[in-house]
Amino acid sequence: MTSKRPRPRKRAGRSLRTRDKVLPHVISTATVLGVIIILRAIIIQAEQWPRIKSQFFDLQVMIDVFPKVLHGFGINMAVWGVALVVIAIWALVLAIFRSLHGPWFAPLRFFSVVYIDLLRGLPSLLLVLLFGFGMPALNIPGLPKSSLFWGALAMISSYSAYAAEVYRSGMDSVHDGQRAAAKALGLNQGQTLRYAILPQAVRNVIPSLLNLAVALQKDVALLSVLGIRDAVREAQIYTARTFNYSTLIAAAALFLVATVPMARLTDYVTKRDRERRLQRTE
Amino acid sequence: MNRIEIEHLTKYYGSKLVLDDVSLNVAEHEVVCLIGASGSGKSTLLRCVNDLVEFDEGLIRIDGTSIHDPSLSAVELYKRVGIVFQAYNLFPTMTVLDNITLAPRKVHGTAKDEAEAYARELLGLFSLEEFAKSYPEQLSGGQQQRVAIVRAMATKPELLLLDEVTAALDPELIGGVLAVIKSLRDQGMTMLIVTHEMGFARDVADRVCFLDGGKIVEEAPPAKLFSNPEHPRTGQFLQRIIEAGRL
Ligand SMILES: Nc1ncnc2c1ncn2[C@@H]1O[C@H](COP(=O)(O)OP(=O)(O)OP(=O)(O)O)[C@@H](O)[C@H]1O
Ligand SMILES: [Mg+2]
């Protein structure tokens, strides 16, 4: 059936001249550089600039404190990594609970609805404070006393409520015909979810879940309010002692190094996902 | 012997009467075609037969047992009655082979090797063997619909319900699908077919039922119904079809 003729390297269509390819990049780069140079000039001639510069952009301070801030940042990213895995699973469980029908599953459905309403309705900061200070203070035997543990659990609980709603929208977006087909093949409720609904639902919501992951990546800094020595806390400790804020800039840079690639990845996955959908409806 | 018995079936969607006291039997090895205007209730009737939608009054029996009888499990019902939809409804995240072997393996406990061997045999019959490892989106509409028929056949059903299986296809792809259905009839498959292809209905059906406003208005062998309809509504419907160039 398939012909042996090799696929042409270049797509058909008008090809761009070199000038048309290069010129746009040159112009946009020049524009950005120009804006930066002008902004810099304005900032530098400001009266207060020398003071601000030494307070916020003192390179020596950044270098001195960097190991500590980096260590703290390691904690941020470790919490983030663990939280991602737990959220991905727990939120899926919540979404499945919510989607089950039949009287036997009413308690699970009810639990899921109440959980999602409560945890989406509370500010994450408040949850972190309540869990992080409250649970260790309760001093229940057998439960961990670490505020890091409880703070992370608060973040996980809160984000799971959002992620569960994302999963649910993915399950709702699967066409009814898929359920009919699954039922007509004799699949039961669980098999229908597992083989027909969830694979499509998860595939559909990966871009949205990645967006949540990016949001969580910086929100883990909330744990610093519990006194956990993460990147933000380490930076603040130094700031409080010396009134020099350069360490905060160092922490900010570290967060950007982590979040920007994630944002790019999310964009890339979203674009690929859109292309896949377009292809399907052609 | 009647394989499907539909008695006084009535179905509402909300307050809208969609099926109005429909009675219909399909005998062993018989092919019955349902025709009628859009919205006349053809799909709903078909979906009632294998319990995909609930109905308000009446009774449906498969081989003498009500489809609501506790002794007829869902697994048993869906093993005996296969259905193919207008929109194919293949699972897009699975290969063609996995789509076909899903029910035999997961519902009926057939071993993987055995299920795949039978799937490949069926794919071969319908000239689809090269697509076993493809995903549905990589296939044309006609190929997808043939795969959907194979999927319905994979559990060796004795009754097949077909709902406008060619309605979403380009004209040049329809022939292949219709040929598949004809070959099934020649093998003795009992079928209840909803179709807009009057020529096909005339070819393949033992009996044609004309549905109008949720009622079976006329029921006759194709030669009789198409050339000499008794009910004026049937005549009007066929006239419109002829004007549209589809008969
Ligand atoms: N899920 C639903 N909810 C409400 N009304 C419905 C639903 N499904 C079908 N109907 C209504 O029931 C009537 C019969 O629908 P049905 O799909 O059985 O028609 P049909 O004869 O198969 O039409 P077509 O040839 O367009 O497929 C229509 O008036 C339709 O609007
Ligand atoms: Mg229909």
# chains A, B, ... in the order shown; residues from 1 in each chain; ligands from 1
>>> residues_near_ligand(ligand="ligand 2", cutoff="7 Å", atoms="only C-alpha atoms and all ligand atoms", output="number ranges by chain")
B: 38, 42-43, 163-164
>>> write_last_selection(atoms="N, CA, C and O atoms", output="mmCIF file, in the first residue's frame")
data_model
loop_
_atom_site.group_PDB
_atom_site.id
_atom_site.type_symbol
_atom_site.label_atom_id
_atom_site.label_comp_id
_atom_site.auth_asym_id
_atom_site.auth_seq_id
_atom_site.Cartn_x
_atom_site.Cartn_y
_atom_site.Cartn_z
ATOM 1 N N SER B 38 -34.992 11.715 10.459
ATOM 2 C CA SER B 38 -34.161 12.065 11.600
ATOM 3 C C SER B 38 -35.045 12.426 12.786
ATOM 4 O O SER B 38 -36.013 13.158 12.635
ATOM 5 N N LYS B 42 -35.164 5.990 15.880
ATOM 6 C CA LYS B 42 -34.485 4.757 15.457
ATOM 7 C C LYS B 42 -33.335 4.395 16.399
ATOM 8 O O LYS B 42 -33.247 3.256 16.874
ATOM 9 N N SER B 43 -32.464 5.378 16.654
ATOM 10 C CA SER B 43 -31.318 5.091 17.529
ATOM 11 C C SER B 43 -31.779 4.731 18.923
ATOM 12 O O SER B 43 -31.225 3.821 19.562
ATOM 13 N N ASP B 163 -26.137 0.959 13.971
ATOM 14 C CA ASP B 163 -26.811 2.255 13.943
ATOM 15 C C ASP B 163 -26.169 3.177 12.911
ATOM 16 O O ASP B 163 -25.150 3.803 13.181
ATOM 17 N N GLU B 164 -26.763 3.272 11.763
ATOM 18 C CA GLU B 164 -26.281 4.170 10.693
ATOM 19 C C GLU B 164 -24.769 4.106 10.552
ATOM 20 O O GLU B 164 -24.095 5.134 10.622
#
>>> residues_near_ligand(ligand="ligand 1", cutoff="10 Å", atoms="only C-alpha atoms and all ligand atoms", output="mmCIF file with N, CA and C atoms, in the first residue's frame")
data_model
loop_
_atom_site.group_PDB
_atom_site.id
_atom_site.type_symbol
_atom_site.label_atom_id
_atom_site.label_comp_id
_atom_site.auth_asym_id
_atom_site.auth_seq_id
_atom_site.Cartn_x
_atom_site.Cartn_y
_atom_site.Cartn_z
ATOM 1 N N ASP A 176 -19.573 11.094 25.466
ATOM 2 C CA ASP A 176 -20.520 10.093 25.969
ATOM 3 C C ASP A 176 -20.484 8.781 25.197
ATOM 4 N N LYS B 11 -41.124 5.135 25.437
ATOM 5 C CA LYS B 11 -39.956 5.814 26.021
ATOM 6 C C LYS B 11 -40.138 7.321 25.915
ATOM 7 N N TYR B 12 -39.941 7.995 27.013
ATOM 8 C CA TYR B 12 -39.972 9.460 27.017
ATOM 9 C C TYR B 12 -38.569 9.983 27.280
ATOM 10 N N TYR B 13 -38.232 11.102 26.631
ATOM 11 C CA TYR B 13 -37.097 11.905 27.091
ATOM 12 C C TYR B 13 -37.712 13.127 27.738
ATOM 13 N N GLY B 14 -37.676 13.213 29.047
ATOM 14 C CA GLY B 14 -38.401 14.275 29.742
ATOM 15 C C GLY B 14 -39.882 14.089 29.486
ATOM 16 N N SER B 15 -40.520 15.115 28.931
ATOM 17 C CA SER B 15 -41.945 14.969 28.656
ATOM 18 C C SER B 15 -42.187 14.631 27.190
ATOM 19 N N LYS B 16 -41.082 14.417 26.454
ATOM 20 C CA LYS B 16 -41.218 14.171 25.022
ATOM 21 C C LYS B 16 -41.333 12.665 24.745
ATOM 22 N N LEU B 17 -42.409 12.287 24.069
ATOM 23 C CA LEU B 17 -42.615 10.882 23.730
ATOM 24 C C LEU B 17 -41.745 10.536 22.531
ATOM 25 N N VAL B 18 -40.787 9.645 22.730
ATOM 26 C CA VAL B 18 -39.831 9.331 21.663
ATOM 27 C C VAL B 18 -40.150 7.986 21.013
ATOM 28 N N LEU B 19 -40.596 7.018 21.821
ATOM 29 C CA LEU B 19 -41.043 5.732 21.267
ATOM 30 C C LEU B 19 -42.454 5.490 21.785
ATOM 31 N N LEU B 34 -34.390 -0.678 9.995
ATOM 32 C CA LEU B 34 -35.250 0.402 10.478
ATOM 33 C C LEU B 34 -34.942 1.640 9.655
ATOM 34 N N ILE B 35 -35.986 2.199 9.035
ATOM 35 C CA ILE B 35 -35.778 3.454 8.327
ATOM 36 C C ILE B 35 -36.738 4.488 8.909
ATOM 37 N N GLY B 36 -36.463 5.741 8.596
ATOM 38 C CA GLY B 36 -37.325 6.800 9.106
ATOM 39 C C GLY B 36 -36.573 8.109 9.171
ATOM 40 N N ALA B 37 -37.335 9.198 9.303
ATOM 41 C CA ALA B 37 -36.734 10.521 9.292
ATOM 42 C C ALA B 37 -35.852 10.716 10.521
ATOM 43 N N SER B 38 -34.992 11.715 10.459
ATOM 44 C CA SER B 38 -34.161 12.065 11.600
ATOM 45 C C SER B 38 -35.045 12.426 12.786
ATOM 46 N N GLY B 39 -34.746 11.882 13.951
ATOM 47 C CA GLY B 39 -35.530 12.190 15.147
ATOM 48 C C GLY B 39 -36.737 11.291 15.339
ATOM 49 N N SER B 40 -36.909 10.294 14.462
ATOM 50 C CA SER B 40 -38.096 9.442 14.582
ATOM 51 C C SER B 40 -37.937 8.381 15.673
ATOM 52 N N GLY B 41 -36.725 8.248 16.241
ATOM 53 C CA GLY B 41 -36.551 7.344 17.369
ATOM 54 C C GLY B 41 -35.791 6.064 17.048
ATOM 55 N N LYS B 42 -35.164 5.990 15.880
ATOM 56 C CA LYS B 42 -34.485 4.757 15.457
ATOM 57 C C LYS B 42 -33.335 4.395 16.399
ATOM 58 N N SER B 43 -32.464 5.378 16.654
ATOM 59 C CA SER B 43 -31.318 5.091 17.529
ATOM 60 C C SER B 43 -31.779 4.731 18.923
ATOM 61 N N THR B 44 -32.774 5.449 19.399
ATOM 62 C CA THR B 44 -33.274 5.190 20.751
ATOM 63 C C THR B 44 -33.784 3.754 20.854
ATOM 64 N N LEU B 45 -34.519 3.309 19.846
ATOM 65 C CA LEU B 45 -35.041 1.941 19.852
ATOM 66 C C LEU B 45 -33.895 0.926 19.933
ATOM 67 N N LEU B 46 -32.867 1.165 19.113
ATOM 68 C CA LEU B 46 -31.728 0.252 19.086
ATOM 69 C C LEU B 46 -31.032 0.213 20.446
ATOM 70 N N ARG B 47 -30.866 1.389 21.046
ATOM 71 C CA ARG B 47 -30.167 1.465 22.327
ATOM 72 C C ARG B 47 -30.972 0.862 23.466
ATOM 73 N N CYS B 48 -32.319 0.871 23.312
ATOM 74 C CA CYS B 48 -33.137 0.203 24.326
ATOM 75 C C CYS B 48 -32.861 -1.299 24.310
ATOM 76 N N VAL B 53 -30.066 2.612 27.068
ATOM 77 C CA VAL B 53 -30.968 3.614 27.642
ATOM 78 C C VAL B 53 -32.138 2.886 28.288
ATOM 79 N N GLN B 86 -22.801 4.882 14.924
ATOM 80 C CA GLN B 86 -22.509 5.757 13.791
ATOM 81 C C GLN B 86 -21.146 6.430 13.933
ATOM 82 N N ASP B 163 -26.137 0.959 13.971
ATOM 83 C CA ASP B 163 -26.811 2.255 13.943
ATOM 84 C C ASP B 163 -26.169 3.177 12.911
ATOM 85 N N GLU B 164 -26.763 3.272 11.763
ATOM 86 C CA GLU B 164 -26.281 4.170 10.693
ATOM 87 C C GLU B 164 -24.769 4.106 10.552
ATOM 88 N N ALA B 167 -23.266 6.497 7.984
ATOM 89 C CA ALA B 167 -23.737 7.884 7.867
ATOM 90 C C ALA B 167 -22.598 8.896 7.941
ATOM 91 N N VAL B 194 -30.238 0.108 11.575
ATOM 92 C CA VAL B 194 -30.776 1.435 11.251
ATOM 93 C C VAL B 194 -29.977 1.965 10.084
ATOM 94 N N THR B 195 -30.653 2.396 9.020
ATOM 95 C CA THR B 195 -29.890 2.862 7.877
ATOM 96 C C THR B 195 -30.626 3.941 7.099
ATOM 97 N N HIS B 196 -29.831 4.789 6.457
ATOM 98 C CA HIS B 196 -30.367 5.765 5.505
ATOM 99 C C HIS B 196 -30.104 5.328 4.077
ATOM 100 N N LEU B 211 -40.274 3.889 10.669
ATOM 101 C CA LEU B 211 -40.580 4.509 11.953
ATOM 102 C C LEU B 211 -40.909 5.976 11.721
ATOM 103 N N ASP B 212 -42.015 6.435 12.311
ATOM 104 C CA ASP B 212 -42.382 7.835 12.150
ATOM 105 C C ASP B 212 -42.953 8.343 13.471
ATOM 106 N N GLY B 213 -42.355 9.386 14.017
ATOM 107 C CA GLY B 213 -42.826 9.941 15.280
ATOM 108 C C GLY B 213 -42.876 8.911 16.391
ATOM 109 N N GLY B 214 -41.883 8.013 16.426
ATOM 110 C CA GLY B 214 -41.806 7.046 17.514
ATOM 111 C C GLY B 214 -42.717 5.843 17.356
#
>>> closest_residue(among="A:Met171, A:Val114, A:Ala181, A:Val85", to="Leu100 of chain A", atoms="only C-alpha atoms")
A:Met171
>>> interface_residues(of="chain A", to="chain B", cutoff="9 Å", atoms="only C-alpha atoms", output="PyMOL selection string")
chain A and resi 175+177-188+191+195-197+199-200+203+279-280
>>> residues_around(residues="segment 134-141 of chain A", least_positions_apart="4", cutoff="12 Å", atoms="only C-alpha atoms", output="ChimeraX atom specification")
/A:126-130,145-151,153-154,226
>>> write_last_selection(atoms="N, CA and C atoms", output="mmCIF file, in the first residue's frame")
data_model
loop_
_atom_site.group_PDB
_atom_site.id
_atom_site.type_symbol
_atom_site.label_atom_id
_atom_site.label_comp_id
_atom_site.auth_asym_id
_atom_site.auth_seq_id
_atom_site.Cartn_x
_atom_site.Cartn_y
_atom_site.Cartn_z
ATOM 1 N N LEU A 126 -3.221 30.017 54.989
ATOM 2 C CA LEU A 126 -3.935 29.721 56.223
ATOM 3 C C LEU A 126 -3.817 28.228 56.557
ATOM 4 N N LEU A 127 -3.961 27.392 55.532
ATOM 5 C CA LEU A 127 -3.850 25.946 55.748
ATOM 6 C C LEU A 127 -2.469 25.579 56.254
ATOM 7 N N VAL A 128 -1.440 26.188 55.626
ATOM 8 C CA VAL A 128 -0.069 25.890 56.043
ATOM 9 C C VAL A 128 0.129 26.263 57.507
ATOM 10 N N LEU A 129 -0.372 27.427 57.893
ATOM 11 C CA LEU A 129 -0.226 27.862 59.291
ATOM 12 C C LEU A 129 -0.985 26.926 60.228
ATOM 13 N N LEU A 130 -2.233 26.606 59.865
ATOM 14 C CA LEU A 130 -3.053 25.748 60.723
ATOM 15 C C LEU A 130 -2.420 24.371 60.910
ATOM 16 N N LYS A 145 5.908 15.066 64.321
ATOM 17 C CA LYS A 145 5.816 16.385 64.943
ATOM 18 C C LYS A 145 6.461 17.444 64.068
ATOM 19 N N SER A 146 7.027 17.014 62.944
ATOM 20 C CA SER A 146 7.772 17.954 62.113
ATOM 21 C C SER A 146 6.835 18.941 61.424
ATOM 22 N N SER A 147 7.154 20.220 61.561
ATOM 23 C CA SER A 147 6.313 21.225 60.895
ATOM 24 C C SER A 147 6.510 21.145 59.382
ATOM 25 N N LEU A 148 7.693 20.678 58.961
ATOM 26 C CA LEU A 148 7.902 20.489 57.520
ATOM 27 C C LEU A 148 6.895 19.485 56.978
ATOM 28 N N PHE A 149 6.740 18.362 57.695
ATOM 29 C CA PHE A 149 5.795 17.332 57.268
ATOM 30 C C PHE A 149 4.386 17.901 57.146
ATOM 31 N N TRP A 150 3.941 18.600 58.212
ATOM 32 C CA TRP A 150 2.554 19.079 58.220
ATOM 33 C C TRP A 150 2.342 20.218 57.236
ATOM 34 N N GLY A 151 3.360 21.059 57.108
ATOM 35 C CA GLY A 151 3.253 22.146 56.128
ATOM 36 C C GLY A 151 3.122 21.592 54.717
ATOM 37 N N LEU A 153 2.075 18.679 53.926
ATOM 38 C CA LEU A 153 0.779 18.012 53.821
ATOM 39 C C LEU A 153 -0.328 19.031 53.530
ATOM 40 N N ALA A 154 -0.216 20.207 54.128
ATOM 41 C CA ALA A 154 -1.209 21.254 53.868
ATOM 42 C C ALA A 154 -1.188 21.663 52.398
ATOM 43 N N LEU A 226 6.626 28.774 58.468
ATOM 44 C CA LEU A 226 6.673 27.857 59.603
ATOM 45 C C LEU A 226 8.070 27.830 60.237
#
>>> atom_distance(atom1="atom CA of Thr29 of chain A", atom2="atom CA of Phe56 of chain A")
27.6 Å
>>> residues_around(residues="segment 158-163 of chain A", least_positions_apart="6", cutoff="10 Å", atoms="only C-alpha atoms", output="number ranges by chain")
A: 83-84, 86-95, 112-113, 115-125, 127-128, 152, 169, 205, 208-209, 212-213, 215-216
>>> write_last_selection(atoms="N, CA, C and O atoms", output="tab-separated table (two decimals), in the first residue's frame")
chain	number	residue	atom	x	y	z
A	83	ALA	N	5.55	16.37	46.63
A	83	ALA	CA	4.15	16.83	46.56
A	83	ALA	C	3.54	16.51	45.20
A	83	ALA	O	2.39	16.07	45.12
A	84	LEU	N	4.31	16.70	44.13
A	84	LEU	CA	3.77	16.45	42.78
A	84	LEU	C	3.25	15.02	42.67
A	84	LEU	O	2.14	14.78	42.17
A	86	VAL	N	2.46	12.85	45.09
A	86	VAL	CA	1.32	12.56	45.96
A	86	VAL	C	0.05	13.21	45.42
A	86	VAL	O	-1.02	12.59	45.39
A	87	ILE	N	0.18	14.46	44.96
A	87	ILE	CA	-1.00	15.18	44.44
A	87	ILE	C	-1.55	14.47	43.21
A	87	ILE	O	-2.77	14.27	43.08
A	88	ALA	N	-0.67	14.06	42.30
A	88	ALA	CA	-1.12	13.42	41.07
A	88	ALA	C	-1.98	12.20	41.40
A	88	ALA	O	-3.01	11.96	40.74
A	89	ILE	N	-1.58	11.45	42.42
A	89	ILE	CA	-2.31	10.23	42.76
A	89	ILE	C	-3.57	10.54	43.57
A	89	ILE	O	-4.67	10.10	43.24
A	90	TRP	N	-3.40	11.34	44.63
A	90	TRP	CA	-4.51	11.61	45.54
A	90	TRP	C	-5.65	12.34	44.83
A	90	TRP	O	-6.83	12.03	45.01
A	91	ALA	N	-5.28	13.31	43.97
A	91	ALA	CA	-6.31	14.06	43.24
A	91	ALA	C	-7.08	13.13	42.30
A	91	ALA	O	-8.30	13.26	42.13
A	92	LEU	N	-6.36	12.18	41.70
A	92	LEU	CA	-7.04	11.24	40.81
A	92	LEU	C	-8.03	10.38	41.60
A	92	LEU	O	-9.16	10.14	41.16
A	93	VAL	N	-7.60	9.96	42.78
A	93	VAL	CA	-8.51	9.19	43.64
A	93	VAL	C	-9.76	10.00	43.97
A	93	VAL	O	-10.89	9.51	43.85
A	94	LEU	N	-9.56	11.28	44.33
A	94	LEU	CA	-10.70	12.15	44.66
A	94	LEU	C	-11.64	12.29	43.46
A	94	LEU	O	-12.86	12.21	43.59
A	95	ALA	N	-11.04	12.48	42.28
A	95	ALA	CA	-11.86	12.66	41.07
A	95	ALA	C	-12.64	11.38	40.76
A	95	ALA	O	-13.81	11.43	40.36
A	112	SER	N	-15.71	13.29	48.78
A	112	SER	CA	-14.93	14.00	47.78
A	112	SER	C	-15.45	15.42	47.57
A	112	SER	O	-14.68	16.37	47.49
A	113	VAL	N	-16.79	15.56	47.51
A	113	VAL	CA	-17.37	16.89	47.29
A	113	VAL	C	-17.03	17.82	48.46
A	113	VAL	O	-16.57	18.96	48.26
A	115	TYR	N	-14.59	17.53	50.69
A	115	TYR	CA	-13.15	17.77	50.72
A	115	TYR	C	-12.76	18.88	49.75
A	115	TYR	O	-12.07	19.83	50.09
A	116	ILE	N	-13.23	18.74	48.51
A	116	ILE	CA	-12.83	19.70	47.48
A	116	ILE	C	-13.36	21.09	47.81
A	116	ILE	O	-12.64	22.09	47.72
A	117	ASP	N	-14.62	21.17	48.27
A	117	ASP	CA	-15.19	22.47	48.62
A	117	ASP	C	-14.39	23.14	49.73
A	117	ASP	O	-14.03	24.31	49.64
A	118	LEU	N	-14.09	22.38	50.78
A	118	LEU	CA	-13.38	22.95	51.93
A	118	LEU	C	-11.98	23.41	51.55
A	118	LEU	O	-11.59	24.54	51.83
A	119	LEU	N	-11.23	22.52	50.90
A	119	LEU	CA	-9.83	22.84	50.70
A	119	LEU	C	-9.58	23.84	49.58
A	119	LEU	O	-8.59	24.54	49.58
A	120	ARG	N	-10.56	23.93	48.65
A	120	ARG	CA	-10.40	24.97	47.65
A	120	ARG	C	-10.83	26.32	48.21
A	120	ARG	O	-10.45	27.36	47.72
A	121	GLY	N	-11.67	26.27	49.24
A	121	GLY	CA	-12.22	27.50	49.79
A	121	GLY	C	-11.30	28.21	50.78
A	121	GLY	O	-11.57	29.33	51.17
A	122	LEU	N	-10.23	27.55	51.19
A	122	LEU	CA	-9.33	28.16	52.19
A	122	LEU	C	-8.03	28.60	51.53
A	122	LEU	O	-7.48	27.90	50.69
A	123	PRO	N	-7.49	29.79	51.94
A	123	PRO	CA	-6.19	30.22	51.41
A	123	PRO	C	-5.10	29.22	51.81
A	123	PRO	O	-5.10	28.74	52.95
A	124	SER	N	-4.19	28.92	50.89
A	124	SER	CA	-3.12	27.96	51.18
A	124	SER	C	-2.32	28.39	52.39
A	124	SER	O	-1.94	27.57	53.23
A	125	LEU	N	-2.07	29.70	52.49
A	125	LEU	CA	-1.26	30.21	53.60
A	125	LEU	C	-1.90	29.85	54.94
A	125	LEU	O	-1.22	29.39	55.87
A	127	LEU	N	-3.96	27.39	55.53
A	127	LEU	CA	-3.85	25.95	55.75
A	127	LEU	C	-2.47	25.58	56.25
A	127	LEU	O	-2.33	24.76	57.17
A	128	VAL	N	-1.44	26.19	55.63
A	128	VAL	CA	-0.07	25.89	56.04
A	128	VAL	C	0.13	26.26	57.51
A	128	VAL	O	0.69	25.49	58.29
A	152	ALA	N	3.98	20.60	54.41
A	152	ALA	CA	3.93	19.99	53.08
A	152	ALA	C	2.57	19.32	52.88
A	152	ALA	O	1.96	19.41	51.80
A	169	SER	N	-12.75	17.68	35.13
A	169	SER	CA	-13.11	18.31	33.87
A	169	SER	C	-12.62	17.45	32.71
A	169	SER	O	-13.28	17.35	31.68
A	205	VAL	N	-5.80	16.48	30.21
A	205	VAL	CA	-5.55	17.50	31.24
A	205	VAL	C	-4.08	17.68	31.57
A	205	VAL	O	-3.76	18.48	32.45
A	208	SER	N	-3.02	21.33	31.77
A	208	SER	CA	-3.54	22.04	32.94
A	208	SER	C	-2.83	21.60	34.22
A	208	SER	O	-2.56	22.40	35.11
A	209	LEU	N	-2.52	20.29	34.30
A	209	LEU	CA	-1.82	19.81	35.49
A	209	LEU	C	-0.42	20.40	35.57
A	209	LEU	O	0.06	20.76	36.65
A	212	LEU	N	-0.56	23.77	37.07
A	212	LEU	CA	-0.65	23.68	38.53
A	212	LEU	C	0.73	23.39	39.11
A	212	LEU	O	1.10	23.92	40.17
A	213	ALA	N	1.49	22.52	38.45
A	213	ALA	CA	2.81	22.16	38.95
A	213	ALA	C	3.72	23.38	39.01
A	213	ALA	O	4.49	23.55	39.96
A	215	ALA	N	2.70	26.50	39.38
A	215	ALA	CA	2.21	27.33	40.49
A	215	ALA	C	2.72	26.80	41.82
A	215	ALA	O	3.18	27.55	42.68
A	216	LEU	N	2.68	25.47	41.97
A	216	LEU	CA	3.12	24.86	43.23
A	216	LEU	C	4.62	25.07	43.43
A	216	LEU	O	5.08	25.24	44.55
>>> residues_around(residues="Asp58 of chain A", least_positions_apart="2", cutoff="12 Å", atoms="only C-alpha atoms", output="JSON, numbers by chain")
{"A": [50, 51, 52, 53, 54, 55, 56, 60, 61, 62, 63, 64, 65, 243, 244, 245, 246, 247, 248, 249, 250]}
>>> decode(residues="segment 200-219 of chain B", atoms="N, CA and C atoms", output="PDB file, in the first residue's frame")
ATOM      1  N   PHE B 200     -29.246  -0.222   0.045  1.00  0.00           N
ATOM      2  CA  PHE B 200     -28.668  -1.264   0.880  1.00  0.00           C
ATOM      3  C   PHE B 200     -29.762  -2.019   1.626  1.00  0.00           C
ATOM      4  N   ALA B 201     -30.722  -1.268   2.185  1.00  0.00           N
ATOM      5  CA  ALA B 201     -31.819  -1.911   2.902  1.00  0.00           C
ATOM      6  C   ALA B 201     -32.567  -2.869   1.969  1.00  0.00           C
ATOM      7  N   ARG B 202     -32.774  -2.433   0.745  1.00  0.00           N
ATOM      8  CA  ARG B 202     -33.494  -3.273  -0.212  1.00  0.00           C
ATOM      9  C   ARG B 202     -32.718  -4.564  -0.487  1.00  0.00           C
ATOM     10  N   ASP B 203     -31.373  -4.419  -0.541  1.00  0.00           N
ATOM     11  CA  ASP B 203     -30.512  -5.572  -0.828  1.00  0.00           C
ATOM     12  C   ASP B 203     -30.473  -6.577   0.299  1.00  0.00           C
ATOM     13  N   VAL B 204     -30.351  -6.054   1.505  1.00  0.00           N
ATOM     14  CA  VAL B 204     -29.899  -6.903   2.591  1.00  0.00           C
ATOM     15  C   VAL B 204     -31.037  -7.334   3.516  1.00  0.00           C
ATOM     16  N   ALA B 205     -32.132  -6.540   3.549  1.00  0.00           N
ATOM     17  CA  ALA B 205     -33.139  -6.775   4.580  1.00  0.00           C
ATOM     18  C   ALA B 205     -34.107  -7.885   4.199  1.00  0.00           C
ATOM     19  N   ASP B 206     -34.537  -8.636   5.221  1.00  0.00           N
ATOM     20  CA  ASP B 206     -35.668  -9.532   5.037  1.00  0.00           C
ATOM     21  C   ASP B 206     -36.958  -8.748   5.245  1.00  0.00           C
ATOM     22  N   ARG B 207     -36.845  -7.746   6.102  1.00  0.00           N
ATOM     23  CA  ARG B 207     -38.013  -6.953   6.443  1.00  0.00           C
ATOM     24  C   ARG B 207     -37.560  -5.524   6.687  1.00  0.00           C
ATOM     25  N   VAL B 208     -38.376  -4.548   6.321  1.00  0.00           N
ATOM     26  CA  VAL B 208     -38.058  -3.152   6.569  1.00  0.00           C
ATOM     27  C   VAL B 208     -39.182  -2.547   7.410  1.00  0.00           C
ATOM     28  N   CYS B 209     -38.790  -1.811   8.475  1.00  0.00           N
ATOM     29  CA  CYS B 209     -39.781  -1.126   9.309  1.00  0.00           C
ATOM     30  C   CYS B 209     -39.607   0.368   9.129  1.00  0.00           C
ATOM     31  N   PHE B 210     -40.715   1.042   8.858  1.00  0.00           N
ATOM     32  CA  PHE B 210     -40.662   2.491   8.736  1.00  0.00           C
ATOM     33  C   PHE B 210     -41.151   3.111  10.038  1.00  0.00           C
ATOM     34  N   LEU B 211     -40.274   3.889  10.669  1.00  0.00           N
ATOM     35  CA  LEU B 211     -40.580   4.509  11.953  1.00  0.00           C
ATOM     36  C   LEU B 211     -40.909   5.976  11.721  1.00  0.00           C
ATOM     37  N   ASP B 212     -42.015   6.435  12.311  1.00  0.00           N
ATOM     38  CA  ASP B 212     -42.382   7.835  12.150  1.00  0.00           C
ATOM     39  C   ASP B 212     -42.953   8.343  13.471  1.00  0.00           C
ATOM     40  N   GLY B 213     -42.355   9.386  14.017  1.00  0.00           N
ATOM     41  CA  GLY B 213     -42.826   9.941  15.280  1.00  0.00           C
ATOM     42  C   GLY B 213     -42.876   8.911  16.391  1.00  0.00           C
ATOM     43  N   GLY B 214     -41.883   8.013  16.426  1.00  0.00           N
ATOM     44  CA  GLY B 214     -41.806   7.046  17.514  1.00  0.00           C
ATOM     45  C   GLY B 214     -42.717   5.843  17.356  1.00  0.00           C
ATOM     46  N   LYS B 215     -43.413   5.728  16.206  1.00  0.00           N
ATOM     47  CA  LYS B 215     -44.289   4.577  15.965  1.00  0.00           C
ATOM     48  C   LYS B 215     -43.801   3.820  14.743  1.00  0.00           C
ATOM     49  N   ILE B 216     -43.951   2.488  14.776  1.00  0.00           N
ATOM     50  CA  ILE B 216     -43.722   1.734  13.546  1.00  0.00           C
ATOM     51  C   ILE B 216     -44.982   1.850  12.709  1.00  0.00           C
ATOM     52  N   VAL B 217     -44.876   2.614  11.622  1.00  0.00           N
ATOM     53  CA  VAL B 217     -46.055   2.911  10.805  1.00  0.00           C
ATOM     54  C   VAL B 217     -46.291   1.801   9.790  1.00  0.00           C
ATOM     55  N   GLU B 218     -45.212   1.246   9.291  1.00  0.00           N
ATOM     56  CA  GLU B 218     -45.364   0.211   8.278  1.00  0.00           C
ATOM     57  C   GLU B 218     -44.204  -0.767   8.363  1.00  0.00           C
ATOM     58  N   GLU B 219     -44.504  -2.014   8.081  1.00  0.00           N
ATOM     59  CA  GLU B 219     -43.524  -3.082   8.236  1.00  0.00           C
ATOM     60  C   GLU B 219     -43.775  -4.074   7.112  1.00  0.00           C
TER      61      GLU B 219
END
